file protein05.txt (compact mmCIF, C-alpha atoms)
# COMPACT_ATOMS: atom_id res chain seq x y z
CA MET A 24 0.00 0.00 0.00
CA ALA A 25 1.42 3.36 -0.99
CA SER A 26 2.07 5.57 1.99
CA VAL A 27 1.34 9.19 1.16
CA SER A 28 3.24 11.68 3.26
CA PRO A 29 0.91 14.26 4.82
CA MET A 30 3.65 16.78 4.00
CA ASP A 31 2.72 16.38 0.33
CA GLY A 32 -0.43 18.42 0.90
CA GLY A 33 -3.99 17.75 1.93
CA GLY A 34 -2.99 17.40 5.57
CA TRP A 35 -4.46 15.07 8.17
CA TYR A 36 -8.05 15.11 6.95
CA LYS A 37 -7.19 13.80 3.51
CA ARG A 38 -4.89 11.19 5.00
CA LEU A 39 -7.61 10.11 7.46
CA ARG A 40 -10.07 9.62 4.60
CA GLU A 41 -7.49 7.38 2.93
CA SER A 42 -7.08 5.41 6.15
CA LEU A 43 -10.85 4.91 6.39
CA LYS A 44 -10.87 3.60 2.84
CA SER A 45 -7.84 1.32 3.26
CA ASN A 46 -9.31 -0.12 6.49
CA ALA A 47 -12.90 -0.45 5.27
CA LYS A 48 -12.90 -4.25 5.59
CA SER A 49 -12.30 -3.96 9.33
CA ARG A 50 -15.49 -3.12 11.22
CA ASP A 51 -13.35 -2.07 14.18
CA SER A 52 -11.76 0.72 12.17
CA ARG A 53 -15.00 2.68 12.67
CA TYR A 54 -14.49 2.64 16.45
CA PHE A 55 -12.27 5.02 18.36
CA GLN A 56 -11.55 5.84 21.99
CA VAL A 57 -12.50 9.17 23.52
CA ALA A 58 -10.82 10.51 26.65
CA THR A 59 -12.44 13.17 28.84
CA VAL A 60 -11.69 14.48 32.33
CA ASP A 61 -14.03 13.75 35.24
CA GLU A 62 -15.16 15.87 38.22
CA ARG A 63 -12.03 14.94 40.17
CA GLY A 64 -9.74 15.94 37.29
CA ARG A 65 -9.03 12.30 36.45
CA PRO A 66 -8.93 10.82 32.97
CA THR A 67 -11.76 8.65 31.64
CA ASN A 68 -11.82 6.69 28.41
CA ARG A 69 -14.33 4.73 26.31
CA THR A 70 -14.94 3.36 22.83
CA VAL A 71 -17.43 5.12 20.55
CA VAL A 72 -18.46 4.81 16.90
CA TYR A 73 -17.28 7.25 14.22
CA ARG A 74 -20.27 9.19 12.84
CA GLY A 75 -18.53 11.21 10.13
CA PHE A 76 -17.58 14.87 9.96
CA LEU A 77 -20.11 17.59 10.65
CA PRO A 78 -22.48 18.20 7.71
CA THR A 79 -22.67 21.87 6.76
CA SER A 80 -25.51 23.85 5.21
CA ASP A 81 -23.94 23.73 1.74
CA GLY A 82 -24.19 19.93 1.65
CA ARG A 83 -20.49 19.38 2.37
CA VAL A 84 -18.74 18.65 5.68
CA ASP A 85 -16.66 20.71 8.07
CA GLU A 86 -13.30 18.95 7.86
CA ASN A 87 -12.33 20.27 11.27
CA VAL A 88 -15.29 18.79 13.17
CA LEU A 89 -15.33 15.06 13.97
CA THR A 90 -18.62 13.66 15.34
CA PHE A 91 -19.84 10.83 17.57
CA VAL A 92 -23.08 10.32 19.45
CA THR A 93 -23.85 9.79 23.11
CA ASP A 94 -26.62 9.59 25.67
CA ARG A 95 -27.36 12.81 27.54
CA ARG A 96 -27.54 10.77 30.74
CA SER A 97 -24.03 9.32 30.30
CA GLU A 98 -21.16 10.47 32.50
CA LYS A 99 -19.17 11.86 29.57
CA VAL A 100 -21.82 14.53 29.03
CA ARG A 101 -21.37 15.61 32.66
CA HIS A 102 -17.60 15.65 32.14
CA LEU A 103 -17.81 17.70 28.93
CA ASP A 104 -20.17 20.13 30.61
CA ARG A 105 -17.45 20.95 33.11
CA ALA A 106 -14.35 20.48 30.90
CA PRO A 107 -15.32 20.58 27.20
CA PHE A 108 -12.17 18.90 25.87
CA ALA A 109 -11.47 15.46 24.47
CA GLU A 110 -8.71 13.48 22.84
CA VAL A 111 -9.56 10.67 20.46
CA ALA A 112 -7.16 7.76 19.94
CA TRP A 113 -8.04 6.04 16.67
CA TYR A 114 -6.13 2.96 15.65
CA PHE A 115 -6.41 1.53 12.13
CA PRO A 116 -5.55 -2.19 12.23
CA VAL A 117 -5.01 -2.83 8.50
CA THR A 118 -2.63 0.07 7.82
CA ARG A 119 -1.26 0.08 11.40
CA GLU A 120 -1.72 3.82 11.86
CA GLN A 121 -2.79 5.78 14.91
CA TYR A 122 -4.43 9.19 14.88
CA ARG A 123 -4.63 11.23 18.05
CA ILE A 124 -7.21 13.96 17.55
CA SER A 125 -7.93 16.60 20.16
CA GLY A 126 -9.95 19.72 20.66
CA ARG A 127 -13.04 21.26 22.20
CA VAL A 128 -16.33 19.37 22.21
CA GLN A 129 -19.78 20.83 21.77
CA VAL A 130 -22.62 18.53 22.83
CA VAL A 131 -25.66 19.13 20.63
CA THR A 132 -28.85 18.34 22.57
CA GLU A 133 -32.58 18.87 22.23
CA GLN A 134 -31.99 22.34 23.69
CA THR A 135 -29.42 23.49 21.14
CA LYS A 136 -30.67 26.49 19.17
CA ASP A 137 -28.67 26.49 15.96
CA ALA A 138 -30.34 25.47 12.72
CA MET A 139 -27.27 23.73 11.27
CA LEU A 140 -26.53 21.79 14.46
CA GLU A 141 -30.20 20.84 14.97
CA LYS A 142 -30.24 19.46 11.44
CA ALA A 143 -26.98 17.58 11.99
CA ARG A 144 -28.41 15.96 15.15
CA GLN A 145 -31.54 14.93 13.23
CA MET A 146 -29.39 13.46 10.44
CA ALA A 147 -27.22 11.55 12.90
CA TRP A 148 -30.38 10.05 14.42
CA SER A 149 -31.67 9.02 10.98
CA ASN A 150 -28.34 7.41 10.12
CA MET A 151 -28.35 5.13 13.20
CA SER A 152 -29.51 1.51 12.98
CA ASP A 153 -32.84 0.70 14.62
CA PRO A 154 -31.19 -1.15 17.55
CA GLY A 155 -28.73 1.73 17.88
CA ARG A 156 -31.60 4.18 18.24
CA GLN A 157 -33.41 1.95 20.73
CA GLN A 158 -30.62 2.29 23.30
CA PHE A 159 -31.61 5.90 23.86
CA LEU A 160 -34.97 4.69 25.19
CA TRP A 161 -33.39 2.32 27.68
CA PRO A 162 -32.97 2.96 31.42
CA THR A 163 -30.28 5.39 32.59
CA PRO A 164 -26.76 4.12 31.68
CA GLY A 165 -24.60 3.19 34.67
CA GLU A 166 -27.44 2.85 37.19
CA VAL A 167 -27.99 -0.45 38.99
CA ARG A 168 -29.86 -2.81 36.73
CA GLY A 169 -33.01 -4.71 37.50
CA GLY A 170 -35.32 -2.03 38.84
CA ASP A 171 -38.88 -1.23 37.79
CA ASP A 172 -37.54 0.13 34.51
CA GLU A 173 -36.11 -3.26 33.43
CA ALA A 174 -39.14 -3.70 31.17
CA GLN A 175 -37.88 -0.85 28.99
CA TYR A 176 -35.31 -3.21 27.49
CA ASN A 177 -38.16 -5.09 25.91
CA THR A 178 -39.86 -2.06 24.44
CA THR A 179 -41.65 -3.50 21.44
CA GLN A 180 -41.44 -0.24 19.51
CA MET A 181 -38.00 0.10 17.96
CA PRO A 182 -37.70 3.68 16.72
CA THR A 183 -37.19 4.01 12.97
CA LYS A 184 -35.38 6.83 11.19
CA ASP A 185 -38.68 8.65 10.76
CA ASP A 186 -39.52 8.65 14.47
CA PRO A 187 -38.78 11.81 16.45
CA VAL A 188 -35.27 12.10 17.88
CA ALA A 189 -35.12 10.66 21.41
CA PRO A 190 -34.59 13.42 24.01
CA ALA A 191 -31.51 11.59 25.35
CA PHE A 192 -29.83 11.52 21.93
CA CYS A 193 -26.86 13.89 21.64
CA LEU A 194 -24.43 14.62 18.83
CA CYS A 195 -20.91 15.40 20.02
CA CYS A 196 -18.92 17.73 17.79
CA LEU A 197 -15.16 17.69 18.36
CA GLU A 198 -13.64 20.85 16.91
CA VAL A 199 -10.15 19.61 16.12
CA ASP A 200 -7.16 21.79 16.94
CA ARG A 201 -4.39 19.17 17.08
CA VAL A 202 -3.69 15.85 15.37
CA SER A 203 -0.80 13.46 15.68
CA LEU A 204 -0.42 10.66 13.15
CA LEU A 205 1.86 7.71 13.86
CA SER A 206 2.62 5.01 11.30
CA LEU A 207 3.80 1.82 12.98
CA ARG A 208 4.82 0.43 9.61
CA SER A 209 7.22 3.18 8.65
CA ASN A 210 7.93 4.47 12.17
CA GLU A 211 7.04 7.97 11.07
CA ARG A 212 5.07 10.59 12.93
CA TRP A 213 3.54 13.91 11.95
CA ASP A 214 2.02 16.56 14.21
CA PHE A 215 -0.58 18.96 12.89
CA SER A 216 -1.70 22.02 14.79
CA ARG A 217 -4.26 24.61 13.98
CA GLY A 218 -3.13 28.20 14.24
CA GLU A 219 -5.26 31.20 14.99
CA ARG A 220 -7.67 31.91 12.20
CA ILE A 221 -6.69 35.13 10.43
CA ASP A 222 -9.56 37.43 9.52
CA GLY A 223 -10.17 37.59 5.82
CA MET A 224 -8.35 34.35 5.10
CA GLU A 225 -10.62 32.22 2.98
CA CYS A 226 -8.88 28.89 2.99
CA ASP A 227 -8.97 27.11 6.34
CA GLU A 228 -6.38 24.58 5.29
CA GLU A 229 -3.66 27.16 5.36
CA VAL A 230 -3.99 27.72 9.10
CA TRP A 231 -2.84 24.15 9.80
CA GLN A 232 0.85 23.66 10.50
CA THR A 233 2.49 20.28 9.83
CA LYS A 234 5.67 19.03 11.48
CA ARG A 235 7.48 15.76 10.97
CA VAL A 236 8.55 14.62 14.43
CA ASN A 237 10.37 11.72 16.04
CA PRO A 238 8.07 8.68 16.59
CA MET B 42 -19.01 -18.67 22.78
CA ALA B 43 -20.22 -19.17 26.34
CA SER B 44 -20.57 -15.91 28.18
CA VAL B 45 -19.63 -16.26 31.83
CA SER B 46 -21.22 -13.72 34.12
CA PRO B 47 -18.63 -11.98 36.28
CA MET B 48 -21.21 -12.26 39.06
CA ASP B 49 -20.52 -16.00 39.14
CA GLY B 50 -17.21 -15.41 40.87
CA GLY B 51 -13.67 -14.69 39.83
CA GLY B 52 -14.47 -11.08 39.04
CA TRP B 53 -13.02 -8.93 36.30
CA TYR B 54 -9.52 -10.38 36.28
CA LYS B 55 -10.69 -13.90 35.52
CA ARG B 56 -13.07 -12.61 32.87
CA LEU B 57 -10.29 -10.51 31.28
CA ARG B 58 -8.05 -13.58 31.04
CA GLU B 59 -10.87 -15.35 29.23
CA SER B 60 -11.24 -12.40 26.87
CA LEU B 61 -7.51 -12.48 26.10
CA LYS B 62 -7.79 -16.19 25.31
CA SER B 63 -10.94 -15.84 23.16
CA ASN B 64 -9.38 -12.97 21.20
CA ALA B 65 -5.90 -14.46 20.83
CA LYS B 66 -6.15 -14.67 17.04
CA SER B 67 -6.51 -10.88 16.84
CA ARG B 68 -3.15 -9.13 17.21
CA ASP B 69 -5.01 -5.91 17.97
CA SER B 70 -6.53 -7.40 21.09
CA ARG B 71 -3.13 -6.88 22.77
CA TYR B 72 -3.41 -3.12 22.24
CA PHE B 73 -5.33 -0.76 24.47
CA GLN B 74 -5.77 2.99 24.83
CA VAL B 75 -4.50 4.87 27.87
CA ALA B 76 -5.87 8.27 28.86
CA THR B 77 -3.95 10.67 31.09
CA VAL B 78 -4.39 14.34 31.96
CA ASP B 79 -1.91 16.96 30.70
CA GLU B 80 -0.46 20.09 32.32
CA ARG B 81 -3.52 22.13 31.32
CA GLY B 82 -5.91 19.59 32.84
CA ARG B 83 -6.93 18.31 29.40
CA PRO B 84 -7.35 14.68 28.42
CA THR B 85 -4.77 12.88 26.29
CA ASN B 86 -5.04 9.42 24.79
CA ARG B 87 -2.81 6.93 22.99
CA THR B 88 -2.53 3.26 22.06
CA VAL B 89 -0.07 1.05 23.95
CA VAL B 90 0.72 -2.67 24.07
CA TYR B 91 -0.45 -4.91 26.93
CA ARG B 92 2.58 -6.23 28.85
CA GLY B 93 0.83 -8.50 31.33
CA PHE B 94 0.14 -8.13 35.03
CA LEU B 95 2.89 -7.25 37.46
CA PRO B 96 5.10 -10.26 38.33
CA THR B 97 5.50 -10.73 42.07
CA SER B 98 8.37 -12.20 44.05
CA ASP B 99 6.58 -15.54 44.51
CA GLY B 100 6.55 -16.12 40.74
CA ARG B 101 2.88 -15.23 40.34
CA VAL B 102 1.29 -11.93 39.27
CA ASP B 103 -0.48 -9.16 41.12
CA GLU B 104 -3.96 -9.36 39.62
CA ASN B 105 -4.62 -5.74 40.52
CA VAL B 106 -1.67 -4.27 38.61
CA LEU B 107 -1.83 -3.99 34.81
CA THR B 108 1.40 -3.05 33.03
CA PHE B 109 2.56 -1.31 29.85
CA VAL B 110 5.88 0.26 28.89
CA THR B 111 6.82 3.74 27.82
CA ASP B 112 9.73 6.05 27.09
CA ARG B 113 10.81 8.29 29.98
CA ARG B 114 11.05 11.18 27.50
CA SER B 115 7.40 10.80 26.37
CA GLU B 116 4.76 13.33 27.37
CA LYS B 117 2.72 10.75 29.28
CA VAL B 118 5.51 10.38 31.83
CA ARG B 119 5.36 14.15 32.44
CA HIS B 120 1.57 13.89 32.78
CA LEU B 121 1.75 10.99 35.22
CA ASP B 122 4.36 12.79 37.26
CA ARG B 123 1.86 15.56 37.90
CA ALA B 124 -1.39 13.53 37.92
CA PRO B 125 -0.65 9.83 38.47
CA PHE B 126 -3.99 8.51 37.18
CA ALA B 127 -5.02 6.71 34.02
CA GLU B 128 -8.00 5.04 32.46
CA VAL B 129 -7.51 2.25 29.94
CA ALA B 130 -10.14 1.53 27.28
CA TRP B 131 -9.58 -1.98 25.97
CA TYR B 132 -11.76 -3.27 23.18
CA PHE B 133 -11.82 -6.96 22.25
CA PRO B 134 -12.93 -7.29 18.63
CA VAL B 135 -13.74 -11.03 18.53
CA THR B 136 -15.94 -11.14 21.62
CA ARG B 137 -17.07 -7.50 21.24
CA GLU B 138 -16.33 -6.59 24.83
CA GLN B 139 -14.94 -3.39 26.28
CA TYR B 140 -13.06 -3.09 29.56
CA ARG B 141 -12.51 0.31 31.11
CA ILE B 142 -9.78 -0.01 33.74
CA SER B 143 -8.73 2.87 35.94
CA GLY B 144 -6.47 3.63 38.84
CA ARG B 145 -3.19 5.13 39.96
CA VAL B 146 -0.04 4.66 37.89
CA GLN B 147 3.48 4.16 39.18
CA VAL B 148 6.20 4.71 36.58
CA VAL B 149 9.13 2.41 37.27
CA THR B 150 12.37 4.01 36.03
CA GLU B 151 16.09 3.47 36.37
CA GLN B 152 15.87 5.43 39.63
CA THR B 153 13.23 3.24 41.29
CA LYS B 154 14.56 1.61 44.44
CA ASP B 155 12.36 -1.44 45.01
CA ALA B 156 13.76 -4.89 44.33
CA MET B 157 10.49 -6.33 43.02
CA LEU B 158 9.80 -3.38 40.69
CA GLU B 159 13.42 -3.27 39.47
CA LYS B 160 13.15 -6.93 38.58
CA ALA B 161 9.80 -6.40 36.85
CA ARG B 162 11.32 -3.61 34.73
CA GLN B 163 14.22 -5.86 33.79
CA MET B 164 11.81 -8.67 32.85
CA ALA B 165 9.65 -6.33 30.74
CA TRP B 166 12.81 -5.25 28.87
CA SER B 167 13.80 -8.88 28.23
CA ASN B 168 10.32 -9.70 26.97
CA MET B 169 10.36 -6.98 24.29
CA SER B 170 11.24 -7.75 20.67
CA ASP B 171 14.61 -6.46 19.43
CA PRO B 172 13.01 -3.71 17.28
CA GLY B 173 10.78 -2.83 20.25
CA ARG B 174 13.85 -2.34 22.45
CA GLN B 175 15.64 -0.31 19.80
CA GLN B 176 13.05 2.48 19.96
CA PHE B 177 14.32 3.45 23.39
CA LEU B 178 17.67 4.37 21.82
CA TRP B 179 16.07 6.62 19.20
CA PRO B 180 15.93 10.43 19.36
CA THR B 181 13.48 12.09 21.78
CA PRO B 182 9.84 11.27 20.86
CA GLY B 183 7.80 14.26 19.65
CA GLU B 184 10.76 16.50 18.80
CA VAL B 185 11.20 17.81 15.26
CA ARG B 186 12.75 15.12 13.12
CA GLY B 187 15.81 15.41 10.95
CA GLY B 188 18.40 16.94 13.24
CA ASP B 189 21.92 15.76 13.98
CA ASP B 190 20.48 12.80 15.86
CA GLU B 191 18.73 11.36 12.76
CA ALA B 192 21.58 8.86 12.42
CA GLN B 193 20.40 7.20 15.63
CA TYR B 194 17.58 5.57 13.66
CA ASN B 195 20.20 3.57 11.84
CA THR B 196 22.01 2.40 14.94
CA THR B 197 23.49 -0.89 13.83
CA GLN B 198 23.40 -2.35 17.32
CA MET B 199 19.90 -3.60 18.07
CA PRO B 200 19.79 -4.34 21.80
CA THR B 201 19.08 -7.95 22.69
CA LYS B 202 17.36 -9.21 25.81
CA ASP B 203 20.74 -9.64 27.48
CA ASP B 204 21.81 -6.03 26.91
CA PRO B 205 21.42 -3.60 29.80
CA VAL B 206 18.04 -1.91 30.11
CA ALA B 207 17.98 1.41 28.22
CA PRO B 208 17.82 4.39 30.63
CA ALA B 209 14.69 5.68 28.81
CA PHE B 210 12.83 2.39 29.32
CA CYS B 211 10.00 2.63 31.89
CA LEU B 212 7.48 0.13 33.15
CA CYS B 213 4.09 1.65 33.96
CA CYS B 214 2.15 -0.11 36.71
CA LEU B 215 -1.56 0.71 36.81
CA GLU B 216 -2.93 -0.18 40.23
CA VAL B 217 -6.54 -0.89 39.34
CA ASP B 218 -9.32 0.43 41.55
CA ARG B 219 -12.26 0.41 39.13
CA VAL B 220 -13.28 -1.66 36.12
CA SER B 221 -16.32 -1.47 33.89
CA LEU B 222 -17.06 -4.32 31.50
CA LEU B 223 -19.50 -3.85 28.63
CA SER B 224 -20.59 -6.68 26.36
CA LEU B 225 -21.88 -5.35 23.03
CA ARG B 226 -23.20 -8.81 22.20
CA SER B 227 -25.46 -9.22 25.19
CA ASN B 228 -25.87 -5.52 26.02
CA GLU B 229 -24.80 -6.21 29.57
CA ARG B 230 -22.55 -4.16 31.79
CA TRP B 231 -20.84 -4.78 35.10
CA ASP B 232 -19.01 -2.31 37.32
CA PHE B 233 -16.31 -3.48 39.72
CA SER B 234 -14.88 -1.28 42.42
CA ARG B 235 -12.19 -1.90 44.92
CA GLY B 236 -13.04 -1.10 48.50
CA GLU B 237 -10.66 -0.03 51.21
CA ARG B 238 -8.28 -2.78 52.15
CA ILE B 239 -9.08 -4.05 55.63
CA ASP B 240 -6.07 -4.78 57.83
CA GLY B 241 -5.58 -8.45 58.41
CA MET B 242 -7.70 -9.52 55.49
CA GLU B 243 -5.74 -12.08 53.54
CA CYS B 244 -7.73 -12.42 50.35
CA ASP B 245 -7.67 -9.32 48.13
CA GLU B 246 -10.45 -10.59 45.94
CA GLU B 247 -12.98 -10.08 48.67
CA VAL B 248 -12.50 -6.31 48.70
CA TRP B 249 -13.88 -6.03 45.14
CA GLN B 250 -17.55 -5.11 44.78
CA THR B 251 -19.47 -6.11 41.65
CA LYS B 252 -22.63 -4.43 40.39
CA ARG B 253 -24.69 -5.24 37.32
CA VAL B 254 -25.64 -1.89 35.80
CA ASN B 255 -27.54 -0.54 32.80
CA PRO B 256 -25.44 -0.59 29.61

call {"tool": "encode", "arguments": {"input": "protein05.txt", "output": "structure tokens"}}
result
Amino acid sequence: MASVSPMDGGGWYKRLRESLKSNAKSRDSRYFQVATVDERGRPTNRTVVYRGFLPTSDGRVDENVLTFVTDRRSEKVRHLDRAPFAEVAWYFPVTREQYRISGRVQVVTEQTKDAMLEKARQMAWSNMSDPGRQQFLWPTPGEVRGGDDEAQYNTTQMPTKDDPVAPAFCLCCLEVDRVSLLSLRSNERWDFSRGERIDGMECDEEVWQTKRVNP
Amino acid sequence: MASVSPMDGGGWYKRLRESLKSNAKSRDSRYFQVATVDERGRPTNRTVVYRGFLPTSDGRVDENVLTFVTDRRSEKVRHLDRAPFAEVAWYFPVTREQYRISGRVQVVTEQTKDAMLEKARQMAWSNMSDPGRQQFLWPTPGEVRGGDDEAQYNTTQMPTKDDPVAPAFCLCCLEVDRVSLLSLRSNERWDFSRGERIDGMECDEEVWQTKRVNP
């Protein structure tokens, strides 16, 4: 497999799209781990599913905003409320590459008043599988199981893509400001960091700096 | 595959050993993600290789101490110096299980004065592959590549298991105090937490509490 250097242009986003393509046969390549910081200032970590980059109003995507979904009642929403930062570790088994992707997270909920984000949350809901959607109707994650609400697991109605978005359903938008790409095959590493946006600059890509660093 | 409930006894450690066995054909099942907190209080996350549980002086292992290795010059060592806590997210692709494992981390370095830990560091070094060991002689991770030290990548001497441990080689010992196990197959989740150790109690296992919780 040809290894394209991110220094050749296109940056991390283009390279990540290539990684997704080259790893398509591995279901696990759609999973990544998200770290947040809890109330005590300690790290927490869990696996989530990649849900694409944020759709924009012009029918394209914002290449700087990585998305995943979560339950409003989950602990990571409480963490992000207090400390809205995350780092994703995303390992691609076929190409043996790791992306570390970090930035600020906005949690889009039922309450969010922003037409583009509301639409993106609706689209994310529609794109889920039926069983995936059903989980948002289950009892509160992390609470002791087996109470009166146990029956909710057997809810006969599985929400379809046309059903209203469950109130617990949230879209998490990670606005990326740093990426580190490590290739275990070639023992190469690149760091990408996003500079301050300069007023009047039209091309976002130019505010990203790329450095080849020691692995 | 038979799914053993961790409520049946043996707890998370026994179940994790089963997961390692059931996923042995997947090389990636030996990798997990470790989250730490940086100087700014923000989460960081990266993939590391499982290096077993801590060997004890009686030739067994401490079932509460998960190990991985790192370079003393890496940023995670600086993080752990300041905030010695980590959470591991460990996904097993064959059985579709996730373990979240958290606790305090002790970084065992050249300076550590503890016979058991010194020996464990030596053993971890011996158990590495030759190319794995060589990385600890490379230039400082994360620094801009291509300086005068570039030649170090081509060091002809690849250290063998009998060579002295590289000064940069560290063994990280995660003393586990909480585990959460999620089965994506059965949609079941169990939380394990370690209580205060009671003086005079001989069996560590009994201080672990298990709860079945909502996934």

call {"tool": "closest_residue", "arguments": {"input": "protein05.txt", "among": "A:Val57, A:Val84, A:Ala191, A:Val128", "to": "Pro164 of chain A", "atoms": "only C-alpha atoms"}}
result
A:Ala191

call {"tool": "atom_distance", "arguments": {"input": "protein05.txt", "atom1": "atom CA of Ser221 of chain B", "atom2": "atom CA of Arg141 of chain B"}}
result
5.0 Å

call {"tool": "interface_residues", "arguments": {"input": "protein05.txt", "of": "chain A", "to": "chain B", "cutoff": "7 Å", "atoms": "all atoms listed in the file", "output": "count of residues only"}}
result
31

call {"tool": "atom_distance", "arguments": {"input": "protein05.txt", "atom1": "atom CA of Glu138 of chain B", "atom2": "atom CA of Gly155 of chain A"}}
result
16.5 Å

call {"tool": "residues_around", "arguments": {"input": "protein05.txt", "residues": "Val131 of chain A", "least_positions_apart": "6", "cutoff": "8 Å", "atoms": "only C-alpha atoms", "output": "list in words"}}
result
Leu140, Glu141, Arg144, Cys193, Leu194, Cys195 and Cys196 of chain A

call {"tool": "write_last_selection", "arguments": {"input": "protein05.txt", "atoms": "C-alpha atoms", "output": "PDB file, in the frame of the given file"}}
result
ATOM      1  CA  LEU A 140     -26.530  21.790  14.460  1.00  0.00           C
ATOM      2  CA  GLU A 141     -30.200  20.840  14.970  1.00  0.00           C
ATOM      3  CA  ARG A 144     -28.410  15.960  15.150  1.00  0.00           C
ATOM      4  CA  CYS A 193     -26.860  13.890  21.640  1.00  0.00           C
ATOM      5  CA  LEU A 194     -24.430  14.620  18.830  1.00  0.00           C
ATOM      6  CA  CYS A 195     -20.910  15.400  20.020  1.00  0.00           C
ATOM      7  CA  CYS A 196     -18.920  17.730  17.790  1.00  0.00           C
TER       8      CYS A 196
END
